[in-house]
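Engineer: First the structure, which I've put down as structure tokens, then a few questions once you've had a look.
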Amino acid sequence: MLRRLTLLGLILCTPLMVVYAQTFKAFNGRVFDAQTKRGVENLEVKLRPPTASSAPILIGNTDQNGIFHFSQVKPGRYLLDVSQGPYLLYRAEIDAAQTSSVDIPIERR
């Protein structure tokens with residue numbers, strides 16, 4: 001009897017684990033100088049969900065190679081902003097359900 005209840009519990013919980021696993025995904029990118037192709041470090045990267053969404057704004061920074069990583073992104077459309085202090089360097093709409101990575105060339109002035 002206990003064995004059957006345990007098996008039944010596992011069967012009932014499996015769909016919930018699959019749904020939870022599909023709820024979030026990783027999103028990565030690299031910001032680099034368009035001329036030299038070298039990564040640009042210490043830039044702020046924001047993923048802004050639509051205003052009607054309950055998803056939070058995700059904020060990260062580029063590392064010494066210009067790479068950023070968000071580990072728990074809900075699939076959907078986001079506004080991707082890259083800035084350095086008060087200066088907006090890049091803005092684009094991305095669909096995190098369709099892509100999990102983006103390369104961002106920056107024109108340095």
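Every chain in the structure tokens takes a letter, A first, then B, and so on in the order presented; its residues are numbered from 1, and the ligands are numbered from 1 following the presented order.
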For the strand (DSSP E or B) assignment from backbone DSSP, which residues of region 7-86 of chain A qualify? Please present them as a ChimeraX atom specification.

Structural biologist: /A:25-33,39,44-48,58-61,67-73,77-84

Engineer: Which residue, A:Ala52, A:Ile67, A:Val73, A:Val45, has the smallest gap to Tyr87 (chain A) when you use only C-alpha atoms?

Structural biologist: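 Closest candidate: A:Val45.
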
Engineer: For CA of Gly76 (chain A) and CA of Asp95 (chain A), quote the distance in Å rounded to one decimal.

Structural biologist: 5.4 Å

Engineer: Point out the residue among A:Lys46, A:Ala97, A:Ser54, A:Val102 with the least atom-to-atom distance to Leu80 (chain A), counting only C-alpha atoms.

Structural biologist: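 Result for the nearest residue to Leu80 (chain A): A:Lys46.
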
Engineer: Run DSSP on the backbone and give me the residues of region 10-105 of chain A it puts in helix (DSSP H, G or I), as a ChimeraX atom specification.

Structural biologist: /A:10-23

Engineer: Considering only C-alpha atoms, can you say which of A:Arg108, A:Arg77, A:His69, A:Arg48 comes closest to Arg30 (chain A)?

Structural biologist: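 Checking each of A:Arg108, A:Arg77, A:His69, A:Arg48 against Arg30 (chain A), counting only C-alpha atoms, the winner is A:His69.
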
Engineer: What is the CA of Pro86 (chain A) to CA of Pro56 (chain A) distance in Å?

Structural biologist: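 Computing the Euclidean distance for CA of Pro86 (chain A) and CA of Pro56 (chain A) yields 21.1 Å.
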
Engineer: I need the residue nearest Ile104 (chain A) from this list: A:Thr51, A:Ser71, A:Gln84, A:Asn28. Use only C-alpha atoms for the distance.

Structural biologist: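 Residue with the minimum atom-to-atom distance to Ile104 (chain A): A:Asn28.
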
Engineer: Can you tell me how far CA of Val31 (chain A) sits from CA of Ser53 (chain A), in Å to one decimal?

Structural biologist: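 Taking CA of Val31 (chain A) and CA of Ser53 (chain A), their separation equals 26.5 Å.
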
Engineer: I'd like to know which of A:Phe70, A:Phe32, A:Tyr90, A:Tyr78 is closest to Leu47 (chain A), using only C-alpha atoms.

Structural biologist: A:Tyr78
